[in-house]
>>> print(open('entry_4.txt').read())   # compact mmCIF, C-alpha atoms
# COMPACT_ATOMS: atom_id res chain seq x y z
CA MET A 1 -4.62 10.49 -27.62
CA SER A 2 -8.01 9.56 -26.22
CA THR A 3 -10.89 11.55 -27.73
CA GLN A 4 -12.77 11.29 -24.44
CA ARG A 5 -10.34 13.46 -22.52
CA GLU A 6 -11.55 16.81 -21.34
CA PHE A 7 -8.23 18.44 -22.23
CA GLU A 8 -5.81 17.65 -25.03
CA PHE A 9 -2.76 15.97 -23.46
CA THR A 10 0.03 14.98 -25.81
CA PHE A 11 3.20 13.05 -25.12
CA ALA A 12 5.08 16.34 -25.52
CA HIS A 13 3.02 17.83 -22.67
CA PHE A 14 3.72 14.79 -20.51
CA ASP A 15 7.43 14.81 -21.32
CA ALA A 16 7.84 18.50 -20.49
CA LEU A 17 6.07 18.08 -17.16
CA ARG A 18 7.80 14.87 -16.09
CA LYS A 19 11.20 16.42 -16.79
CA GLN A 20 10.38 19.29 -14.45
CA ALA A 21 9.17 16.89 -11.79
CA HIS A 22 12.23 14.68 -12.19
CA ASN A 23 14.68 17.58 -12.00
CA TYR A 24 13.19 18.58 -8.66
CA SER A 25 12.27 15.29 -7.02
CA GLY A 26 14.71 12.81 -8.54
CA ILE A 27 11.83 10.48 -9.41
CA ASN A 28 12.09 8.74 -12.77
CA PHE A 29 8.63 8.91 -14.33
CA THR A 30 8.37 6.21 -16.97
CA ASP A 31 6.09 6.42 -20.02
CA ASP A 32 3.40 4.36 -18.30
CA LYS A 33 2.81 7.27 -15.87
CA LEU A 34 1.25 9.40 -18.63
CA GLU A 35 -2.32 8.56 -17.67
CA MET A 36 -1.60 9.19 -14.00
CA PHE A 37 -0.21 12.62 -14.86
CA TYR A 38 -3.32 13.46 -16.87
CA ALA A 39 -5.77 12.28 -14.21
CA ARG A 40 -4.11 14.22 -11.41
CA LEU A 41 -3.27 17.39 -13.33
CA ALA A 42 -6.63 17.73 -15.06
CA LYS A 43 -7.96 18.58 -11.59
CA ARG A 44 -5.44 21.43 -11.37
CA LEU A 45 -6.54 22.80 -14.76
CA ARG A 46 -10.17 22.81 -13.64
CA LYS A 47 -9.35 24.52 -10.36
CA LEU A 48 -7.23 27.19 -12.07
CA GLY A 49 -9.67 27.72 -14.93
CA ILE A 50 -6.97 26.84 -17.46
CA THR A 51 -8.21 25.41 -20.75
CA SER A 52 -5.11 23.68 -22.13
CA PHE A 53 -2.07 21.75 -21.00
CA SER A 54 0.14 24.00 -23.13
CA GLU A 55 -0.91 26.89 -20.91
CA TYR A 56 -0.42 24.78 -17.79
CA VAL A 57 3.15 23.82 -18.76
CA LYS A 58 3.97 27.53 -18.99
CA ARG A 59 2.21 28.21 -15.68
CA VAL A 60 4.26 25.57 -13.85
CA LYS A 61 7.49 27.08 -15.19
CA GLN A 62 6.58 30.63 -14.17
CA ASP A 63 4.54 30.26 -10.96
CA GLN A 64 6.41 28.87 -7.93
CA ALA A 65 3.20 28.31 -5.96
CA GLU A 66 1.68 26.27 -8.76
CA PHE A 67 4.96 24.41 -9.24
CA SER A 68 4.64 23.22 -5.64
CA GLU A 69 1.03 22.16 -6.25
CA PHE A 70 2.14 20.37 -9.42
CA VAL A 71 4.88 18.41 -7.66
CA ASN A 72 2.49 17.47 -4.87
CA ALA A 73 -0.06 16.23 -7.38
CA VAL A 74 2.28 13.93 -9.30
CA THR A 75 4.37 12.65 -6.39
CA THR A 76 1.80 11.99 -3.63
CA ASN A 77 1.79 8.26 -2.87
CA ILE A 78 4.83 7.80 -5.06
CA THR A 79 8.15 6.80 -3.61
CA ALA A 80 11.39 6.01 -5.36
CA PHE A 81 15.05 5.32 -4.84
CA GLU A 82 17.15 8.51 -4.71
CA ARG A 83 14.08 10.75 -4.46
CA GLU A 84 15.21 14.36 -3.80
CA PRO A 85 18.87 13.36 -4.20
CA HIS A 86 20.27 16.54 -2.65
CA HIS A 87 19.23 15.18 0.76
CA PHE A 88 21.35 12.07 0.36
CA ALA A 89 24.28 14.10 -0.96
CA HIS A 90 24.10 16.22 2.20
CA LEU A 91 23.85 13.13 4.40
CA LYS A 92 27.02 11.73 2.80
CA GLU A 93 28.83 15.01 3.47
CA GLN A 94 27.69 14.97 7.10
CA MET A 95 29.05 11.46 7.56
CA LYS A 96 32.55 12.58 6.55
CA THR A 97 32.86 14.48 9.83
CA PHE A 98 30.76 12.12 11.97
CA LYS A 99 32.63 11.26 15.18
CA LYS A 100 30.49 8.67 16.97
CA SER A 101 30.73 4.89 16.62
CA THR A 102 27.04 4.51 15.79
CA VAL A 103 24.78 6.64 13.59
CA ASN A 104 21.05 6.46 14.30
CA ILE A 105 18.67 7.41 11.49
CA TRP A 106 14.88 7.43 11.42
CA SER A 107 12.90 7.15 8.19
CA ALA A 108 9.48 8.33 9.39
CA GLY A 109 6.85 7.43 6.82
CA CYS A 110 9.08 4.96 4.98
CA SER A 111 6.29 3.65 2.72
CA THR A 112 7.52 0.67 0.66
CA GLY A 113 11.12 1.07 1.78
CA GLN A 114 12.93 2.93 -0.98
CA GLU A 115 13.93 5.76 1.36
CA PRO A 116 15.65 3.72 4.10
CA TYR A 117 17.37 1.53 1.53
CA THR A 118 18.56 4.63 -0.37
CA ILE A 119 19.98 6.02 2.87
CA LEU A 120 22.02 2.85 3.34
CA VAL A 121 23.19 2.59 -0.26
CA ASN A 122 24.59 6.11 0.08
CA ILE A 123 26.38 5.84 3.42
CA LEU A 124 26.99 2.18 4.25
CA PRO A 125 30.22 1.73 2.25
CA PHE A 126 31.80 4.77 3.93
CA CYS A 127 30.50 3.79 7.38
CA ARG A 128 31.88 0.28 7.07
CA GLN A 129 35.25 1.66 6.08
CA LYS A 130 35.25 3.94 9.13
CA ARG A 131 33.76 1.22 11.37
CA ILE A 132 30.62 3.23 12.09
CA GLU A 133 27.60 1.09 12.90
CA VAL A 134 24.44 2.18 11.07
CA LYS A 135 21.03 1.73 12.71
CA VAL A 136 17.94 2.74 10.76
CA LEU A 137 14.41 2.82 12.15
CA ALA A 138 11.88 2.69 9.29
CA SER A 139 8.31 3.36 10.36
CA ASP A 140 4.94 3.76 8.70
CA LEU A 141 1.29 3.66 9.68
CA ASP A 142 0.40 1.26 6.84
CA THR A 143 1.21 -2.36 7.60
CA ASP A 144 0.82 -3.33 3.94
CA VAL A 145 3.57 -1.00 2.77
CA LEU A 146 5.73 -2.06 5.73
CA SER A 147 5.42 -5.69 4.60
CA LYS A 148 6.55 -4.69 1.12
CA ALA A 149 9.43 -2.70 2.58
CA GLN A 150 10.57 -5.66 4.66
CA ALA A 151 10.38 -7.96 1.65
CA GLY A 152 12.66 -5.56 -0.22
CA ILE A 153 11.60 -6.70 -3.70
CA TYR A 154 11.55 -4.10 -6.48
CA LYS A 155 11.46 -3.91 -10.23
CA VAL A 156 14.91 -3.87 -11.82
CA LYS A 157 14.03 -0.58 -13.52
CA ASP A 158 13.47 0.98 -10.08
CA VAL A 159 17.22 0.78 -9.35
CA GLU A 160 18.46 1.55 -12.85
CA MET A 161 20.04 4.82 -11.66
CA TYR A 162 22.72 2.83 -9.84
CA GLY A 163 25.89 1.59 -11.52
CA GLN A 164 26.62 -2.10 -11.91
CA ALA A 165 29.00 -2.17 -8.94
CA VAL A 166 26.37 -0.73 -6.58
CA LYS A 167 23.66 -3.06 -7.86
CA LYS A 168 25.94 -6.06 -7.46
CA GLN A 169 26.86 -5.02 -3.93
CA PHE A 170 23.36 -4.34 -2.63
CA PHE A 171 20.78 -6.10 -4.84
CA ARG A 172 20.20 -9.69 -5.94
CA LYS A 173 18.73 -9.99 -9.43
CA GLY A 174 15.81 -12.35 -9.87
CA ILE A 175 15.80 -15.23 -12.34
CA GLY A 176 13.10 -17.41 -13.85
CA PRO A 177 9.68 -16.30 -12.56
CA LYS A 178 11.43 -13.49 -10.64
CA GLU A 179 13.07 -12.08 -13.78
CA GLY A 180 12.65 -8.32 -13.99
CA PHE A 181 12.77 -7.99 -10.21
CA CYS A 182 15.54 -7.64 -7.65
CA MET A 183 15.80 -8.08 -3.89
CA VAL A 184 17.86 -6.07 -1.43
CA LYS A 185 20.69 -8.08 0.07
CA PRO A 186 20.95 -8.76 3.83
CA VAL A 187 23.80 -6.26 4.05
CA LEU A 188 21.08 -3.59 3.77
CA SER A 189 18.09 -5.19 5.47
CA GLU A 190 20.05 -6.21 8.58
CA CYS A 191 20.62 -2.51 9.35
CA ILE A 192 16.91 -1.67 9.45
CA GLU A 193 14.24 -2.13 12.09
CA PHE A 194 10.76 -1.83 10.55
CA ARG A 195 8.00 -0.70 12.87
CA GLN A 196 4.40 0.42 12.62
CA LEU A 197 4.06 3.92 14.06
CA ASN A 198 1.33 6.54 13.73
CA LEU A 199 2.78 10.06 13.73
CA PHE A 200 -0.65 11.51 14.52
CA TYR A 201 -0.42 10.31 18.13
CA PRO A 202 2.40 10.78 20.68
CA TRP A 203 5.05 8.10 20.43
CA LYS A 204 7.89 6.81 22.59
CA LEU A 205 11.21 5.67 21.15
CA ASP A 206 14.15 4.11 22.92
CA ARG A 207 16.86 6.34 21.49
CA LYS A 208 17.61 9.71 19.92
CA PHE A 209 18.55 10.13 16.29
CA ASP A 210 21.31 11.90 14.45
CA PHE A 211 19.13 12.28 11.35
CA ILE A 212 15.39 12.09 10.78
CA PHE A 213 13.82 11.83 7.34
CA CYS A 214 10.13 12.73 7.24
CA ARG A 215 9.48 13.73 3.66
CA ASN A 216 6.11 14.31 2.01
CA VAL A 217 4.31 13.08 5.12
CA LEU A 218 3.44 16.30 6.97
CA ILE A 219 1.49 17.53 3.93
CA TYR A 220 -1.32 15.23 5.08
CA PHE A 221 -1.74 17.02 8.43
CA GLU A 222 -3.32 20.30 9.44
CA GLN A 223 -0.92 23.07 10.43
CA LYS A 224 -1.40 22.67 14.19
CA LYS A 225 -0.67 18.95 14.01
CA LYS A 226 2.35 19.57 11.77
CA LEU A 227 3.87 21.83 14.42
CA GLU A 228 3.17 19.26 17.14
CA ILE A 229 4.95 16.56 15.15
CA ILE A 230 7.92 18.85 14.47
CA ASP A 231 8.11 19.51 18.22
CA ARG A 232 8.26 15.78 18.85
CA PHE A 233 10.95 15.36 16.23
CA ALA A 234 12.99 17.98 18.09
CA SER A 235 12.79 15.85 21.23
CA ASN A 236 13.92 12.80 19.25
CA LEU A 237 17.00 14.43 17.75
CA VAL A 238 20.44 14.75 19.31
CA PRO A 239 21.81 18.30 19.61
CA ASN A 240 22.68 19.53 16.11
CA GLY A 241 20.76 16.63 14.60
CA ILE A 242 19.21 17.17 11.18
CA LEU A 243 15.60 16.87 10.02
CA PHE A 244 14.92 16.32 6.31
CA LEU A 245 11.45 17.38 5.12
CA GLY A 246 9.59 17.15 1.81
CA HIS A 247 9.81 19.78 -0.92
CA SER A 248 6.69 21.68 0.21
CA GLU A 249 7.17 21.24 3.97
CA LEU A 250 8.69 24.09 5.95
CA ILE A 251 9.51 24.88 9.56
CA PRO A 252 8.41 28.41 10.58
CA ARG A 253 11.28 30.88 10.36
CA ASP A 254 10.50 32.25 13.81
CA ASP A 255 11.21 28.92 15.53
CA PRO A 256 14.62 29.58 17.16
CA ARG A 257 15.44 25.90 17.63
CA TRP A 258 15.95 25.21 13.95
CA LYS A 259 18.51 26.44 11.44
CA ASN A 260 17.74 26.06 7.74
CA ILE A 261 20.90 24.50 6.28
CA GLY A 262 19.65 23.73 2.78
CA THR A 263 16.57 22.91 0.74
CA ASN A 264 14.11 21.47 3.29
CA MET A 265 16.95 20.56 5.68
CA TYR A 266 16.88 21.80 9.27
CA GLN A 267 19.46 21.49 12.03
CA LEU A 268 18.37 21.44 15.66
CA THR A 269 20.46 24.18 17.23
CA GLY A 270 18.37 24.76 20.37
CA ALA A 271 17.16 22.46 23.11
CA GLY A 272 14.66 19.92 21.81
>>> encode(input="entry_4.txt", output="structure tokens")
Amino acid sequence: MSTQREFEFTFAHFDALRKQAHNYSGINFTDDKLEMFYARLAKRLRKLGITSFSEYVKRVKQDQAEFSEFVNAVTTNITAFEREPHHFAHLKEQMKTFKKSTVNIWSAGCSTGQEPYTILVNILPFCRQKRIEVKVLASDLDTDVLSKAQAGIYKVKDVEMYGQAVKKQFFRKGIGPKEGFCMVKPVLSECIEFRQLNLFYPWKLDRKFDFIFCRNVLIYFEQKKKLEIIDRFASNLVPNGILFLGHSELIPRDDPRWKNIGTNMYQLTGAG
């Protein structure tokens, strides 16, 4: 432990907190994230007037509002395969009763690509069996992260949650200087159109979507802008289409167009 830290932060503190974050978000926080946890959460301790991480661990367990702040702090700008896995489980269930020949999905704010690739890993085998074409639009404002997403190169440990059969089907393991990395296979990348798009301004798209994922993106906008973007999403969804939001992002209960069908999952039941 560094003697220069303002607060004592042991591995036990880190382990307790990362387990809570993992159980909620699905993100696997490796040991090398300890310093990141400290840097981001020390700000929360100062703001709350808490003097120890032992006290903060208890606070996160008992206070739902602070739990949300905690998850925001440690997951902002972090993306991962299978993040918030309940969303992908629900998507797979929805596909079992899907009747059209093509499913259109938008990953809005796709960052470095883990979300759109996770979508495909979860549904592509079933869709191929049922002869359903899968079209994914993956958009982001940042051209640098879009380039990384298109390249589709990740650390092997980033996909360690998948079994050997899945990894063999969808990822090519690097050798030599590429050892420790893997690349998504064309079977995934050929289903995705990557595009730069700024959600802050009105946009035009050439089709409507059956599912839209926009998770941990709206937290960056003021409330008025959030509602404007949600309105636009409604116009981009087919009737009964589903919008997946991040863990701290909610649609107002008094909006009659949307039905809450699960944790941060909303179905468009009214006219978009």
>>> residues_around(input="entry_4.txt", residues="Lys208 in chain A", least_positions_apart="2", cutoff="6 Å", atoms="all atoms listed in the file", output="list of chain:residue names")
A:Asn236, A:Leu237, A:Val238
>>> closest_residue(input="entry_4.txt", among="A:Asn104, A:Met95, A:Ser147, A:Gln4", to="Phe126 in chain A", atoms="all atoms listed in the file")
A:Met95
>>> residues_around(input="entry_4.txt", residues="range 263-271 of chain A", least_positions_apart="5", cutoff="7 Å", atoms="all atoms listed in the file", output="ChimeraX atom specification")
/A:234,239-247,249-250,256-258
>>> atom_distance(input="entry_4.txt", atom1="CA of Ser54 in chain A", atom2="CA of Ala80 in chain A")
27.7 Å
>>> residues_around(input="entry_4.txt", residues="range 143-145 of chain A", least_positions_apart="5", cutoff="9 Å", atoms="all atoms listed in the file", output="list of chain:residue names")
A:Cys110, A:Ser111, A:Thr112, A:Gly113, A:Gln150, A:Arg195, A:Gln196
>>> atom_distance(input="entry_4.txt", atom1="CA of Lys157 in chain A", atom2="CA of Asn122 in chain A")
18.5 Å
>>> residues_around(input="entry_4.txt", residues="range 96-101 of chain A", least_positions_apart="6", cutoff="8 Å", atoms="all atoms listed in the file", output="list in words")
Arg131, Ile132 and Glu133 of chain A
>>> residues_around(input="entry_4.txt", residues="range 43-49 of chain A", least_positions_apart="3", cutoff="10 Å", atoms="only C-alpha atoms", output="ChimeraX atom specification")
/A:6-7,38-40,52-53,55-56,66,69-70,73
>>> atom_distance(input="entry_4.txt", atom1="CA of Lys19 in chain A", atom2="CA of Phe211 in chain A")
29.5 Å
>>> closest_residue(input="entry_4.txt", among="A:Ile119, A:Val71, A:Ile212, A:Met183", to="Val156 in chain A", atoms="all atoms listed in the file")
A:Met183
>>> closest_residue(input="entry_4.txt", among="A:Lys61, A:Phe88, A:Val136, A:Trp106", to="Ile123 in chain A", atoms="all atoms listed in the file")
A:Phe88
>>> residues_near_point(input="entry_4.txt", point="(15.0, 4.5, -5.5)", cutoff="6 Å", atoms="all atoms listed in the file", output="list of chain:residue names")
A:Ala80, A:Phe81, A:Glu82, A:Gln114, A:Asp158, A:Val159
>>> closest_residue(input="entry_4.txt", among="A:Tyr162, A:Phe170, A:Leu137, A:Arg5", to="Val103 in chain A", atoms="only C-alpha atoms")
A:Leu137
>>> closest_residue(input="entry_4.txt", among="A:Thr118, A:Asn28, A:Gln64, A:Asn72", to="Lys92 in chain A", atoms="all atoms listed in the file")
A:Thr118
>>> closest_residue(input="entry_4.txt", among="A:Arg59, A:Cys191, A:Lys155, A:Ser107", to="Phe233 in chain A", atoms="all atoms listed in the file")
A:Ser107
>>> decode(input="entry_4.txt", residues="range 44-89 of chain A", atoms="N, CA and C atoms", output="compact mmCIF listing (two decimals), in the first residue's frame")
# COMPACT_ATOMS: atom_id res chain seq x y z
N ARG A 44 -15.22 10.15 -4.29
CA ARG A 44 -16.52 9.93 -3.64
C ARG A 44 -16.39 10.06 -2.12
N LEU A 45 -15.29 9.54 -1.56
CA LEU A 45 -15.09 9.64 -0.11
C LEU A 45 -15.02 11.11 0.32
N ARG A 46 -14.28 11.90 -0.45
CA ARG A 46 -14.16 13.32 -0.12
C ARG A 46 -15.52 14.01 -0.19
N LYS A 47 -16.27 13.72 -1.23
CA LYS A 47 -17.57 14.37 -1.41
C LYS A 47 -18.55 14.00 -0.29
N LEU A 48 -18.48 12.74 0.14
CA LEU A 48 -19.40 12.25 1.17
C LEU A 48 -18.91 12.55 2.59
N GLY A 49 -17.65 12.97 2.70
CA GLY A 49 -17.10 13.22 4.04
C GLY A 49 -16.79 11.94 4.78
N ILE A 50 -16.57 10.85 4.04
CA ILE A 50 -16.23 9.56 4.64
C ILE A 50 -14.72 9.49 4.79
N THR A 51 -14.26 8.91 5.91
CA THR A 51 -12.83 8.93 6.21
C THR A 51 -12.11 7.61 5.96
N SER A 52 -12.84 6.56 5.59
CA SER A 52 -12.17 5.28 5.34
C SER A 52 -12.90 4.47 4.28
N PHE A 53 -12.16 3.62 3.59
CA PHE A 53 -12.77 2.76 2.59
C PHE A 53 -13.60 1.65 3.24
N SER A 54 -13.28 1.28 4.45
CA SER A 54 -14.10 0.29 5.16
C SER A 54 -15.52 0.82 5.32
N GLU A 55 -15.62 2.09 5.68
CA GLU A 55 -16.93 2.73 5.81
C GLU A 55 -17.62 2.84 4.46
N TYR A 56 -16.83 3.14 3.42
CA TYR A 56 -17.42 3.29 2.09
C TYR A 56 -17.96 1.97 1.55
N VAL A 57 -17.25 0.87 1.79
CA VAL A 57 -17.73 -0.45 1.36
C VAL A 57 -19.11 -0.72 1.96
N LYS A 58 -19.28 -0.40 3.23
CA LYS A 58 -20.58 -0.59 3.89
C LYS A 58 -21.63 0.33 3.29
N ARG A 59 -21.22 1.57 2.98
CA ARG A 59 -22.16 2.55 2.42
C ARG A 59 -22.69 2.07 1.07
N VAL A 60 -21.81 1.55 0.23
CA VAL A 60 -22.22 1.07 -1.09
C VAL A 60 -23.21 -0.08 -0.97
N LYS A 61 -23.03 -0.93 0.01
CA LYS A 61 -23.93 -2.07 0.20
C LYS A 61 -25.30 -1.65 0.69
N GLN A 62 -25.36 -0.55 1.45
CA GLN A 62 -26.60 -0.17 2.12
C GLN A 62 -27.37 0.96 1.44
N ASP A 63 -26.69 1.76 0.63
CA ASP A 63 -27.28 2.97 0.06
C ASP A 63 -27.39 2.82 -1.46
N GLN A 64 -28.61 2.65 -1.97
CA GLN A 64 -28.81 2.42 -3.40
C GLN A 64 -28.35 3.61 -4.24
N ALA A 65 -28.57 4.82 -3.74
CA ALA A 65 -28.15 6.01 -4.49
C ALA A 65 -26.62 6.04 -4.63
N GLU A 66 -25.93 5.72 -3.53
CA GLU A 66 -24.47 5.72 -3.61
C GLU A 66 -23.97 4.54 -4.44
N PHE A 67 -24.70 3.43 -4.41
CA PHE A 67 -24.30 2.29 -5.25
C PHE A 67 -24.30 2.71 -6.72
N SER A 68 -25.30 3.48 -7.13
CA SER A 68 -25.36 3.95 -8.51
C SER A 68 -24.19 4.87 -8.81
N GLU A 69 -23.86 5.77 -7.87
CA GLU A 69 -22.71 6.66 -8.05
C GLU A 69 -21.41 5.85 -8.15
N PHE A 70 -21.32 4.83 -7.32
CA PHE A 70 -20.14 3.95 -7.31
C PHE A 70 -19.95 3.25 -8.65
N VAL A 71 -21.04 2.67 -9.17
CA VAL A 71 -20.95 1.96 -10.45
C VAL A 71 -20.58 2.93 -11.57
N ASN A 72 -21.18 4.11 -11.54
CA ASN A 72 -20.82 5.13 -12.54
C ASN A 72 -19.33 5.44 -12.48
N ALA A 73 -18.82 5.60 -11.28
CA ALA A 73 -17.43 6.02 -11.11
C ALA A 73 -16.46 4.99 -11.67
N VAL A 74 -16.73 3.72 -11.44
CA VAL A 74 -15.74 2.70 -11.84
C VAL A 74 -15.98 2.13 -13.23
N THR A 75 -17.13 2.47 -13.85
CA THR A 75 -17.38 1.92 -15.18
C THR A 75 -17.37 2.96 -16.28
N THR A 76 -17.41 4.25 -15.97
CA THR A 76 -17.36 5.27 -17.02
C THR A 76 -16.10 5.11 -17.84
N ASN A 77 -16.27 5.12 -19.16
CA ASN A 77 -15.17 4.94 -20.11
C ASN A 77 -14.59 3.54 -20.08
N ILE A 78 -15.34 2.61 -19.51
CA ILE A 78 -14.92 1.21 -19.53
C ILE A 78 -15.98 0.43 -20.29
N THR A 79 -15.54 -0.37 -21.21
CA THR A 79 -16.47 -1.24 -21.92
C THR A 79 -15.91 -2.65 -21.90
N ALA A 80 -16.77 -3.62 -22.04
CA ALA A 80 -16.32 -5.00 -21.92
C ALA A 80 -17.30 -5.92 -22.64
N PHE A 81 -16.83 -7.09 -23.00
CA PHE A 81 -17.71 -8.11 -23.52
C PHE A 81 -18.66 -8.56 -22.41
N GLU A 82 -19.92 -8.80 -22.78
CA GLU A 82 -20.94 -9.31 -21.86
C GLU A 82 -21.22 -8.36 -20.69
N ARG A 83 -21.01 -7.06 -20.90
CA ARG A 83 -21.33 -6.10 -19.85
C ARG A 83 -22.85 -6.05 -19.66
N GLU A 84 -23.31 -6.07 -18.41
CA GLU A 84 -24.73 -6.14 -18.08
C GLU A 84 -25.39 -7.30 -18.82
N PRO A 85 -25.00 -8.51 -18.47
CA PRO A 85 -25.38 -9.70 -19.24
C PRO A 85 -26.88 -9.97 -19.32
N HIS A 86 -27.66 -9.43 -18.38
CA HIS A 86 -29.10 -9.66 -18.43
C HIS A 86 -29.72 -9.09 -19.71
N HIS A 87 -29.10 -8.06 -20.27
CA HIS A 87 -29.62 -7.49 -21.52
C HIS A 87 -29.47 -8.48 -22.67
N PHE A 88 -28.34 -9.16 -22.73
CA PHE A 88 -28.12 -10.10 -23.82
C PHE A 88 -28.95 -11.37 -23.64
N ALA A 89 -29.18 -11.74 -22.39
CA ALA A 89 -30.07 -12.87 -22.12
C ALA A 89 -31.48 -12.56 -22.61
